[in-house]
Every structure is written in structure tokens, then in C-alpha cells.
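Structure, as C-alpha cells:
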Amino acid sequence: MQTLDLHFMWEAFFIALSGAPITLLITVVALLISIPVGFFFSLVRLNGTPVLDQLCRIYISFVRGTPLIIQIFLIYNVMPILVERFLRSTHSTMSIFDVNPIWYAFLVFSLHTIAILTEVFRSALKTVQKSQLEAAHSVGLSTFAAYRRIIIPQALVTALPNLCNATTNLIKNTSLCYALSLREITLRAKVAANPGYNYIEAYIDIFLVYLIICSLVEYGFKKYEKRLKAYQCISA
Amino acid sequence: MLEVRDIRKAFGNQEVLSGISFSIEKGDVAVILGPSGSGKTTLLRCLEFFEQADSGEVLFDDIDVDLRTVTKEQIKAIRQKTAFVFQNYNLFNNKTALENVLEGLVIGRKIPKKEAESIAKEALDKVGLSDKYDYYPGQLSGGQQQRVGIARAIALSPEIIFFDEPTSALDPELIGEVLTVMRKIAQEGTTMLVVTHEMSFAQDVANKIIFMDGGNIVEEGTPRQIFTEPKEERTRQFLKRMLPEYTYYI
């Protein structure tokens, strides 16, 4: 019976880990883009802004209703063809096929996370009573100041568990970047496993690397949540 | 000082305010009485612009506002002169008692932090909460929260404070402490417009009673006029229900 090749597993663990920067880079870029945009979209949805609200809704149901891998394939394969045609029609010398695939990853994961966060923020903002805004107005705060100082800090407390969920999902979903031939955690470990056919070892390594990263992220969120909701914890 | 002319407001087909006019002078403590659904709270909310009235006019000192065409700047200017005490306190949940009072001073009125802090502490001391500066609303009783709400209002030294049923959400045993504070600030000459069901406050503290029913002002006058010799039948009926110990011979 074959046993696990522990030596390979040890080495492959670090090979997998060396993909972590790309994973984290995609995660951070996607979050940096989708947090503000998602927040704006959630306000659009809450206010029922005509036209924009309907567009947001359609967009969200597209993202939620289709598998991420298909979104990746579509954007990675179909979009360049369209862009290429457009570029050729304008006689541009730029070639879309030279673009580093990481830009596609930024695009796909941002588009995906915006939709998720829009709903996260929308539900969180709804938990803060409208009367908090009225109270802020009554003491002379502008709507902007009221959101920044009163409403968002309260909404954030409710949003954090879901935000943590969205972040860890995002980290795990970047494993699909193999479809973009991006050398992140999963792809590196799998390539390393190829020659000796040590797939089980490689999968265990991948498992561990994601587990470690996600646990750290979760821990960070827990800490932050605890700090934010200090005002709720102490009871009379 | 504050004059209101012909305010109208409807929610859908339901007309809630059908032409309200009255005026308040500096130092007045005016109490609006009336049965539930008579439009008292809506009137107050329109004056603070939480609701947009359909038509009417508000004259506040030198500011003259047509409610149909009111601008953001006008709303801001009027809010600078007013403060609001809510039925459900509406303290900022994520801020301590002191921070609740500071917020309007520092951010709303742009008063330097140090100066604001001494104003805020003075206001909290006045409502008897000098030992609760650093308590969050969740740690305070209803009566204490409402007193913070009042401190938040008086700290701004507004020209008028609107009170929207400030004791209706309180346990009976906590009502006294809030009324005592209100009485105190009324005696200091604060101009107040109060919606309440507390008859004792209306009788003892107010110098002007406005009785509303069905979106109209039925009758207004001094407490003495309204409580001892009401002119309108509707007022009599209401007072009879609210003050069973009074009997009127017609």
C-alpha cells in the first residue's frame, strides 16, 4: 500500500504557500473596489433610485444566479474578442491578448463581490432605525455626517459577520483562478504534484493553506467586531 | 418668534393636518393636547422637517419659509434654531451619554471640543446625570435616556425645543424625573412646544394650550381658559375623559 509522501508534502506546502500573495492581492483589490461601490449600490437600492435601482437588481440577480466559474470563462474568453474587434475598428495597435490575466481576475472578482456586498450592506443599513438619522439631523448634522458618525458604525456591527463570510468566500473562490492560468495557491500545488502524481499530498497542502489564511482572516474580523460592538456588550 | 400659517399635510388620501396656524412668543411654554391621531406629532415633525408638509408657511424670526418650496439651506437654518426631544429618546446607540450631547455641539455647531465638553457636562449635570457621562444608552433606564435626550437638546441652546410626547414611552415611575427636568428648564425661560398627555404639566407649567382634533386646532388659550372654561364641546369631552375628577356644568 502506498503511503503519503511526507517529504513531498512538506515541500509542496511551501510551494502552495508561495501562491498566497497572488490570492491575497486579488482578494484585497476586489475588496477595495467592491466595498465603496457595493456601499453606493446599497444606498441606491435602499432609496429606490429610479432606473439605477432596477439596474442594480438585474446585475445582482445575474451574479447570484450564475456559477462563478462561468462568469470567469465568459469574461476571460468572450470579452477579449469583443474588445479586440473594437480595438481593430479604431486601428489601435494595442493587443488585448497581451494583458496579464490578473487583470481579468481583478475584474471578475470585483464584479462578483460588489453584488454580494451590496446585499450585505443593504441588510445591515436596514437594521439601523431611521430615527437615528432624524436625531442626527435634529442636532444639526448633515446627512453625510450622520452616516459617517452614527449610522455606518452601527450598521457595520451587523454587517461584519457577513462581511467576514464574503471575504473568506472570496479567498476560497480565487482557487478558480486556475482557469485564468494564474499561478496562485491551487495551481502551484497541482503543478508540483504532476510529475510524481502526488495529488493527495498536494490537495492536503492546499486545504491547509486556505484553512490557515481563512482562520487568520476570521480571527481578525472577530477581534474587530468585538471592538466595534463594545457599546452593545456592556448591559445595564 | 415662531409663526406657523396654514400648514397642510396628507398621507395619501388621508389629510392629517388641514390648515394649522398658530404663533409662539419667546419664553412661551406651549402644550399641544388632543386625542391620538389628531395630528399633533405630525405637526411637530413637519416643523423639524422630518416630514415635508404639502403647503404652509413658517416664519422663524427673520427666516420666512414657504413649505412647498423649502430649500436645504432653509431647513438647515431653522434646525440651527431648534432642538427636538423624541418619544423614543433616539439617543445615538453607539455613543456614550456625553458623546451624545457633544455630537451636535462639535459636528453640528462646530464648537471647539474643549468648550463643547464643558457645555455638554453642564447640560448633563442640569438633568441630574453627572455620574453617567460615560454610560452607553443601553446601560441607562428609559428615564435616564430621555434626560440625556433633553440634555442633548438644551446644550445646543436653541431658541425653541420641540418635545414629542417625551414621557409616553416611559414606565409610570420614571415619568416624574423627566417632567421635573422639563419643569426646571421651562422655569429658566426656555421656549418649548410640547406634545404630551401629561395634564399636570399642561396645567401647571404651560402658559398656552393648543387643543387639536382631526387635523385642526379646535381651541387655544391659557391653561386657565382651556381647563376651567373651554368654549368648544369637543374640548370639554376630551378633558372630561382625561381629567375624570373635573366636572363641567353646561
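Chain identifiers are assigned as A, B, and so on, following the order in which chains appear in the C-alpha cells; residues are numbered from 1 within each chain, and ligands are numbered from 1 in order of appearance.
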For chain B against chain A, which residues fall within 8 Å using only C-alpha atoms, given as a PDB file with C-alpha atoms, in the first residue's frame?
```pdb
ATOM      1  CA  GLU B  48     -38.487  69.988  12.268  1.00  0.00           C
ATOM      2  CA  PHE B  50     -38.762  65.166   9.308  1.00  0.00           C
ATOM      3  CA  LYS B  76     -30.546  73.816   7.950  1.00  0.00           C
ATOM      4  CA  ARG B  79     -32.714  73.395  12.530  1.00  0.00           C
ATOM      5  CA  GLN B  80     -29.891  75.562  13.865  1.00  0.00           C
ATOM      6  CA  THR B  82     -34.441  74.348  17.120  1.00  0.00           C
ATOM      7  CA  ALA B  83     -33.907  71.118  19.000  1.00  0.00           C
ATOM      8  CA  PHE B  84     -36.057  68.028  19.229  1.00  0.00           C
ATOM      9  CA  ASN B  90     -33.413  58.274  19.917  1.00  0.00           C
ATOM     10  CA  LEU B  91     -30.049  58.587  21.527  1.00  0.00           C
ATOM     11  CA  PHE B  92     -27.140  57.616  19.299  1.00  0.00           C
ATOM     12  CA  ASN B  93     -26.694  53.991  20.328  1.00  0.00           C
ATOM     13  CA  ASN B  94     -23.001  53.892  19.531  1.00  0.00           C
ATOM     14  CA  LYS B  95     -22.160  56.909  21.668  1.00  0.00           C
ATOM     15  CA  GLU B 103     -22.105  65.339  18.748  1.00  0.00           C
ATOM     16  CA  GLY B 104     -24.416  68.223  17.953  1.00  0.00           C
ATOM     17  CA  LEU B 105     -22.088  70.774  19.535  1.00  0.00           C
ATOM     18  CA  ILE B 107     -20.130  68.440  14.485  1.00  0.00           C
ATOM     19  CA  GLY B 108     -23.415  70.305  14.159  1.00  0.00           C
ATOM     20  CA  ARG B 109     -22.450  73.666  15.655  1.00  0.00           C
ATOM     21  CA  TYR B 136     -23.974  53.989  26.740  1.00  0.00           C
ATOM     22  CA  GLY B 138     -28.083  50.549  26.571  1.00  0.00           C
ATOM     23  CA  GLN B 139     -26.881  50.919  30.147  1.00  0.00           C
ATOM     24  CA  LEU B 140     -29.372  53.636  31.093  1.00  0.00           C
ATOM     25  CA  ARG B 152     -28.677  66.949  24.085  1.00  0.00           C
ATOM     26  CA  ALA B 153     -31.358  69.481  23.189  1.00  0.00           C
ATOM     27  CA  LEU B 156     -27.425  73.472  21.782  1.00  0.00           C
TER      28      LEU B 156
END
```
- prompt: At what distance in Å, to one decimal, does CA of Gly39 (chain B) lie from CA of Val4 (chain B)?
  reply: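 Atom-to-atom, CA of Val4 (chain B) and CA of Gly39 (chain B) are spaced 14.8 Å apart.
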field: Closest of B:Leu33, B:Ala116, B:Leu179, B:Met192 to Phe238 (chain B) - atom-to-atom distances counting only C-alpha atoms
entry: B:Leu33
task: Kindly indicate which residue among B:Met182, B:Val85, B:Thr96, B:Leu170 lies nearest to Lys126 (chain B), using only C-alpha atoms for the distances.
output: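 Of B:Met182, B:Val85, B:Thr96, B:Leu170, the one nearest Lys126 (chain B), counting only C-alpha atoms, is B:Met182.
Between CA of Glu225 (chain A) and CA of His112 (chain A) there is a distance of 24.3 Å.
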- prompt: Could you work out how far CA of Val205 (chain B) lies from CA of Tyr89 (chain B), giving the answer in Å with one decimal?
  reply: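 The value is 21.7 Å.
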task: May I have the residues within 12 Å of Gln71 (chain A) as a ChimeraX atom specification, using only C-alpha atoms and disregarding those fewer than 2 positions away in the same chain?
output: /A:62-69,73-79,104-105,107-112,176-177,179-180
Same residues, N, CA and C atoms, saved as a CSV table (one decimal), in the first residue's frame:
```
chain,number,residue,atom,x,y,z
A,62,PHE,N,-28.0,38.5,-11.8
A,62,PHE,CA,-27.1,37.8,-12.8
A,62,PHE,C,-26.0,37.2,-12.0
A,63,VAL,N,-25.3,38.0,-11.1
A,63,VAL,CA,-24.2,37.4,-10.4
A,63,VAL,C,-24.6,36.3,-9.5
A,64,ARG,N,-25.7,36.5,-8.8
A,64,ARG,CA,-26.1,35.4,-7.9
A,64,ARG,C,-26.6,34.2,-8.6
A,65,GLY,N,-27.1,34.4,-9.8
A,65,GLY,CA,-27.8,33.2,-10.4
A,65,GLY,C,-26.9,32.5,-11.4
A,66,THR,N,-25.6,32.8,-11.4
A,66,THR,CA,-24.7,32.1,-12.3
A,66,THR,C,-23.5,31.6,-11.6
A,67,PRO,N,-22.9,30.4,-12.0
A,67,PRO,CA,-21.7,30.0,-11.3
A,67,PRO,C,-20.6,30.9,-11.6
A,68,LEU,N,-19.7,31.1,-10.6
A,68,LEU,CA,-18.6,32.0,-10.7
A,68,LEU,C,-17.7,31.5,-11.8
A,69,ILE,N,-17.5,30.2,-11.9
A,69,ILE,CA,-16.6,29.7,-13.0
A,69,ILE,C,-17.1,30.1,-14.4
A,73,PHE,N,-15.1,32.3,-17.2
A,73,PHE,CA,-15.0,31.8,-18.5
A,73,PHE,C,-15.5,32.9,-19.5
A,74,LEU,N,-16.6,33.4,-19.2
A,74,LEU,CA,-17.3,34.4,-20.1
A,74,LEU,C,-16.4,35.6,-20.2
A,75,ILE,N,-16.0,36.1,-19.1
A,75,ILE,CA,-15.2,37.4,-19.1
A,75,ILE,C,-13.8,37.1,-19.7
A,76,TYR,N,-13.2,36.0,-19.4
A,76,TYR,CA,-11.9,35.7,-19.9
A,76,TYR,C,-11.9,35.4,-21.4
A,77,ASN,N,-12.9,34.7,-21.9
A,77,ASN,CA,-12.9,34.3,-23.2
A,77,ASN,C,-13.7,35.1,-24.2
A,78,VAL,N,-14.8,35.7,-23.7
A,78,VAL,CA,-15.7,36.4,-24.7
A,78,VAL,C,-15.3,37.9,-24.7
A,79,MET,N,-15.0,38.4,-23.6
A,79,MET,CA,-14.7,39.9,-23.6
A,79,MET,C,-13.5,40.3,-24.5
A,104,TYR,N,-8.0,40.3,-15.4
A,104,TYR,CA,-9.3,39.6,-15.5
A,104,TYR,C,-9.8,39.2,-14.2
A,105,ALA,N,-8.8,38.7,-13.4
A,105,ALA,CA,-9.2,38.2,-12.0
A,105,ALA,C,-9.7,39.4,-11.2
A,107,LEU,N,-11.1,42.0,-12.3
A,107,LEU,CA,-12.4,42.4,-12.8
A,107,LEU,C,-13.5,41.5,-12.4
A,108,VAL,N,-13.3,40.2,-12.6
A,108,VAL,CA,-14.3,39.2,-12.3
A,108,VAL,C,-14.6,39.2,-10.8
A,109,PHE,N,-13.6,39.2,-10.0
A,109,PHE,CA,-13.9,39.1,-8.5
A,109,PHE,C,-14.4,40.4,-8.0
A,110,SER,N,-14.1,41.5,-8.6
A,110,SER,CA,-14.7,42.7,-8.1
A,110,SER,C,-16.2,42.7,-8.5
A,111,LEU,N,-16.5,42.4,-9.7
A,111,LEU,CA,-17.9,42.4,-10.2
A,111,LEU,C,-18.7,41.4,-9.3
A,112,HIS,N,-18.1,40.3,-9.0
A,112,HIS,CA,-18.8,39.3,-8.2
A,112,HIS,C,-19.0,39.8,-6.7
A,176,LEU,N,-10.3,29.3,-8.2
A,176,LEU,CA,-10.8,29.1,-9.6
A,176,LEU,C,-10.0,29.9,-10.6
A,177,CYS,N,-9.0,30.6,-10.1
A,177,CYS,CA,-8.1,31.3,-11.0
A,177,CYS,C,-7.3,30.4,-11.8
A,179,ALA,N,-8.4,28.7,-13.9
A,179,ALA,CA,-9.0,28.8,-15.2
A,179,ALA,C,-8.4,30.0,-16.0
A,180,LEU,N,-7.7,30.9,-15.3
A,180,LEU,CA,-7.1,32.0,-15.9
A,180,LEU,C,-5.6,31.8,-16.0
```
- request: Compile the contact shell of Thr41 (chain B) as JSON, numbers by chain: residues with an atom at most 8 Å away, counting only C-alpha atoms, same-chain residues fewer than 6 positions apart removed.
  value: {"B": [164, 165, 195]}
Save the residues we just selected, N, CA and C atoms, as a short mmCIF file (atom, residue, chain, number, x, y, z; two decimals), in the first residue's frame?
```cif
data_model
loop_
_atom_site.label_atom_id
_atom_site.label_comp_id
_atom_site.auth_asym_id
_atom_site.auth_seq_id
_atom_site.Cartn_x
_atom_site.Cartn_y
_atom_site.Cartn_z
N ASP B 164 -41.75 65.78 21.59
CA ASP B 164 -42.76 64.93 21.01
C ASP B 164 -43.10 63.79 21.98
N GLU B 165 -44.15 63.96 22.74
CA GLU B 165 -44.57 63.00 23.75
C GLU B 165 -43.38 62.42 24.53
N VAL B 195 -45.80 68.34 22.87
CA VAL B 195 -46.93 67.46 22.67
C VAL B 195 -46.92 66.47 23.82
#
```
- request: Kindly indicate which residue among B:Ala155, B:Leu2, B:Ile7, B:Val70 lies nearest to Leu98 (chain B), using only C-alpha atoms for the distances.
  value: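 For Leu98 (chain B), the nearest of the candidates is B:Ala155.
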message: Nearest residue to Gly19 (chain B) out of B:Asn216, B:Gln144, B:Ser38, B:Asn207, using only C-alpha atoms?
response: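 The shortest atom-to-atom distance to Gly19 (chain B) comes from B:Asn216.
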task: Determine, counting only C-alpha atoms, which protein, DNA and RNA residues have an atom within 7 Å of an atom of region 159-173 of chain A; residues of the same chain fewer than 3 positions away are not included. Present the result as a VMD selection string.
output: chain A and resid 23 27 120 to 121 124 155 to 156 176 210 214 218 221 225
- request: Please report, as a ChimeraX atom specification, each residue of region 33-213 of chain B to which DSSP assigns strand (DSSP E) when run on this structure's backbone.
  value: /B:33,55-60,63-66,82-85,160-164,192-195,208-213
Go ahead and write the residues just picked, N, CA and C atoms, as a PDB file, in the first residue's frame.
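Wrote it out as again-v4.pdb, contents follow:
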```
ATOM      1  N   LEU B  33     -52.445  69.631  23.077  1.00  0.00           N
ATOM      2  CA  LEU B  33     -53.223  68.496  23.564  1.00  0.00           C
ATOM      3  C   LEU B  33     -54.111  67.992  22.439  1.00  0.00           C
ATOM      4  N   SER B  55     -48.199  72.104   2.135  1.00  0.00           N
ATOM      5  CA  SER B  55     -48.191  73.547   1.932  1.00  0.00           C
ATOM      6  C   SER B  55     -48.207  74.235   3.279  1.00  0.00           C
ATOM      7  N   GLY B  56     -48.022  75.537   3.265  1.00  0.00           N
ATOM      8  CA  GLY B  56     -47.995  76.285   4.517  1.00  0.00           C
ATOM      9  C   GLY B  56     -46.770  77.152   4.572  1.00  0.00           C
ATOM     10  N   GLU B  57     -46.670  77.893   5.671  1.00  0.00           N
ATOM     11  CA  GLU B  57     -45.594  78.863   5.788  1.00  0.00           C
ATOM     12  C   GLU B  57     -45.087  78.842   7.216  1.00  0.00           C
ATOM     13  N   VAL B  58     -43.783  78.928   7.383  1.00  0.00           N
ATOM     14  CA  VAL B  58     -43.205  79.014   8.712  1.00  0.00           C
ATOM     15  C   VAL B  58     -42.351  80.271   8.780  1.00  0.00           C
ATOM     16  N   LEU B  59     -42.649  81.111   9.775  1.00  0.00           N
ATOM     17  CA  LEU B  59     -41.818  82.297   9.991  1.00  0.00           C
ATOM     18  C   LEU B  59     -41.079  82.110  11.297  1.00  0.00           C
ATOM     19  N   PHE B  60     -39.766  82.101  11.191  1.00  0.00           N
ATOM     20  CA  PHE B  60     -38.958  81.899  12.383  1.00  0.00           C
ATOM     21  C   PHE B  60     -38.013  83.086  12.474  1.00  0.00           C
ATOM     22  N   ILE B  63     -36.435  84.349   9.321  1.00  0.00           N
ATOM     23  CA  ILE B  63     -36.492  83.361   8.233  1.00  0.00           C
ATOM     24  C   ILE B  63     -37.951  83.118   7.868  1.00  0.00           C
ATOM     25  N   ASP B  64     -38.237  83.252   6.586  1.00  0.00           N
ATOM     26  CA  ASP B  64     -39.601  83.060   6.115  1.00  0.00           C
ATOM     27  C   ASP B  64     -39.581  81.924   5.099  1.00  0.00           C
ATOM     28  N   VAL B  65     -40.259  80.830   5.438  1.00  0.00           N
ATOM     29  CA  VAL B  65     -40.153  79.636   4.601  1.00  0.00           C
ATOM     30  C   VAL B  65     -41.520  79.232   4.063  1.00  0.00           C
ATOM     31  N   ASP B  66     -41.600  79.115   2.738  1.00  0.00           N
ATOM     32  CA  ASP B  66     -42.786  78.524   2.135  1.00  0.00           C
ATOM     33  C   ASP B  66     -42.538  77.016   2.066  1.00  0.00           C
ATOM     34  N   THR B  82     -33.527  75.230  16.405  1.00  0.00           N
ATOM     35  CA  THR B  82     -34.441  74.348  17.120  1.00  0.00           C
ATOM     36  C   THR B  82     -33.726  73.115  17.643  1.00  0.00           C
ATOM     37  N   ALA B  83     -34.389  72.428  18.566  1.00  0.00           N
ATOM     38  CA  ALA B  83     -33.907  71.118  19.000  1.00  0.00           C
ATOM     39  C   ALA B  83     -35.138  70.250  19.198  1.00  0.00           C
ATOM     40  N   PHE B  84     -34.925  68.953  19.224  1.00  0.00           N
ATOM     41  CA  PHE B  84     -36.057  68.028  19.229  1.00  0.00           C
ATOM     42  C   PHE B  84     -35.832  66.954  20.277  1.00  0.00           C
ATOM     43  N   VAL B  85     -36.861  66.709  21.092  1.00  0.00           N
ATOM     44  CA  VAL B  85     -36.793  65.610  22.054  1.00  0.00           C
ATOM     45  C   VAL B  85     -37.818  64.560  21.613  1.00  0.00           C
ATOM     46  N   ILE B 160     -35.939  77.326  20.459  1.00  0.00           N
ATOM     47  CA  ILE B 160     -37.127  76.589  20.882  1.00  0.00           C
ATOM     48  C   ILE B 160     -36.804  75.096  20.897  1.00  0.00           C
ATOM     49  N   ILE B 161     -37.410  74.396  21.849  1.00  0.00           N
ATOM     50  CA  ILE B 161     -37.258  72.938  21.867  1.00  0.00           C
ATOM     51  C   ILE B 161     -38.621  72.309  21.624  1.00  0.00           C
ATOM     52  N   PHE B 162     -38.663  71.403  20.651  1.00  0.00           N
ATOM     53  CA  PHE B 162     -39.888  70.634  20.408  1.00  0.00           C
ATOM     54  C   PHE B 162     -39.822  69.344  21.216  1.00  0.00           C
ATOM     55  N   PHE B 163     -40.877  69.067  21.960  1.00  0.00           N
ATOM     56  CA  PHE B 163     -40.953  67.793  22.703  1.00  0.00           C
ATOM     57  C   PHE B 163     -42.081  66.957  22.112  1.00  0.00           C
ATOM     58  N   ASP B 164     -41.745  65.785  21.595  1.00  0.00           N
ATOM     59  CA  ASP B 164     -42.761  64.927  21.015  1.00  0.00           C
ATOM     60  C   ASP B 164     -43.103  63.794  21.984  1.00  0.00           C
ATOM     61  N   MET B 192     -40.653  76.413  24.707  1.00  0.00           N
ATOM     62  CA  MET B 192     -40.916  74.999  24.464  1.00  0.00           C
ATOM     63  C   MET B 192     -42.247  74.803  23.767  1.00  0.00           C
ATOM     64  N   LEU B 193     -42.278  73.846  22.844  1.00  0.00           N
ATOM     65  CA  LEU B 193     -43.534  73.427  22.239  1.00  0.00           C
ATOM     66  C   LEU B 193     -43.651  71.935  22.520  1.00  0.00           C
ATOM     67  N   VAL B 194     -44.645  71.563  23.334  1.00  0.00           N
ATOM     68  CA  VAL B 194     -44.680  70.220  23.887  1.00  0.00           C
ATOM     69  C   VAL B 194     -45.958  69.499  23.488  1.00  0.00           C
ATOM     70  N   VAL B 195     -45.796  68.335  22.870  1.00  0.00           N
ATOM     71  CA  VAL B 195     -46.935  67.455  22.672  1.00  0.00           C
ATOM     72  C   VAL B 195     -46.916  66.473  23.822  1.00  0.00           C
ATOM     73  N   LYS B 208     -49.693  78.327  27.581  1.00  0.00           N
ATOM     74  CA  LYS B 208     -50.519  78.342  26.389  1.00  0.00           C
ATOM     75  C   LYS B 208     -50.896  76.910  26.032  1.00  0.00           C
ATOM     76  N   ILE B 209     -52.169  76.676  25.781  1.00  0.00           N
ATOM     77  CA  ILE B 209     -52.619  75.341  25.418  1.00  0.00           C
ATOM     78  C   ILE B 209     -53.225  75.406  24.019  1.00  0.00           C
ATOM     79  N   ILE B 210     -52.810  74.445  23.191  1.00  0.00           N
ATOM     80  CA  ILE B 210     -53.410  74.347  21.865  1.00  0.00           C
ATOM     81  C   ILE B 210     -54.119  72.996  21.817  1.00  0.00           C
ATOM     82  N   PHE B 211     -55.432  73.024  21.599  1.00  0.00           N
ATOM     83  CA  PHE B 211     -56.148  71.754  21.549  1.00  0.00           C
ATOM     84  C   PHE B 211     -56.442  71.393  20.098  1.00  0.00           C
ATOM     85  N   MET B 212     -55.963  70.216  19.692  1.00  0.00           N
ATOM     86  CA  MET B 212     -56.134  69.793  18.304  1.00  0.00           C
ATOM     87  C   MET B 212     -57.038  68.581  18.210  1.00  0.00           C
ATOM     88  N   ASP B 213     -57.788  68.514  17.120  1.00  0.00           N
ATOM     89  CA  ASP B 213     -58.560  67.301  16.833  1.00  0.00           C
ATOM     90  C   ASP B 213     -58.778  67.216  15.334  1.00  0.00           C
TER      91      ASP B 213
END
```
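With only C-alpha atoms as the atoms that count, the minimum distance from Pro166 (chain B) to the choices B:Glu198, B:Glu188, B:Glu115, B:Asp204 is reached by B:Glu198.
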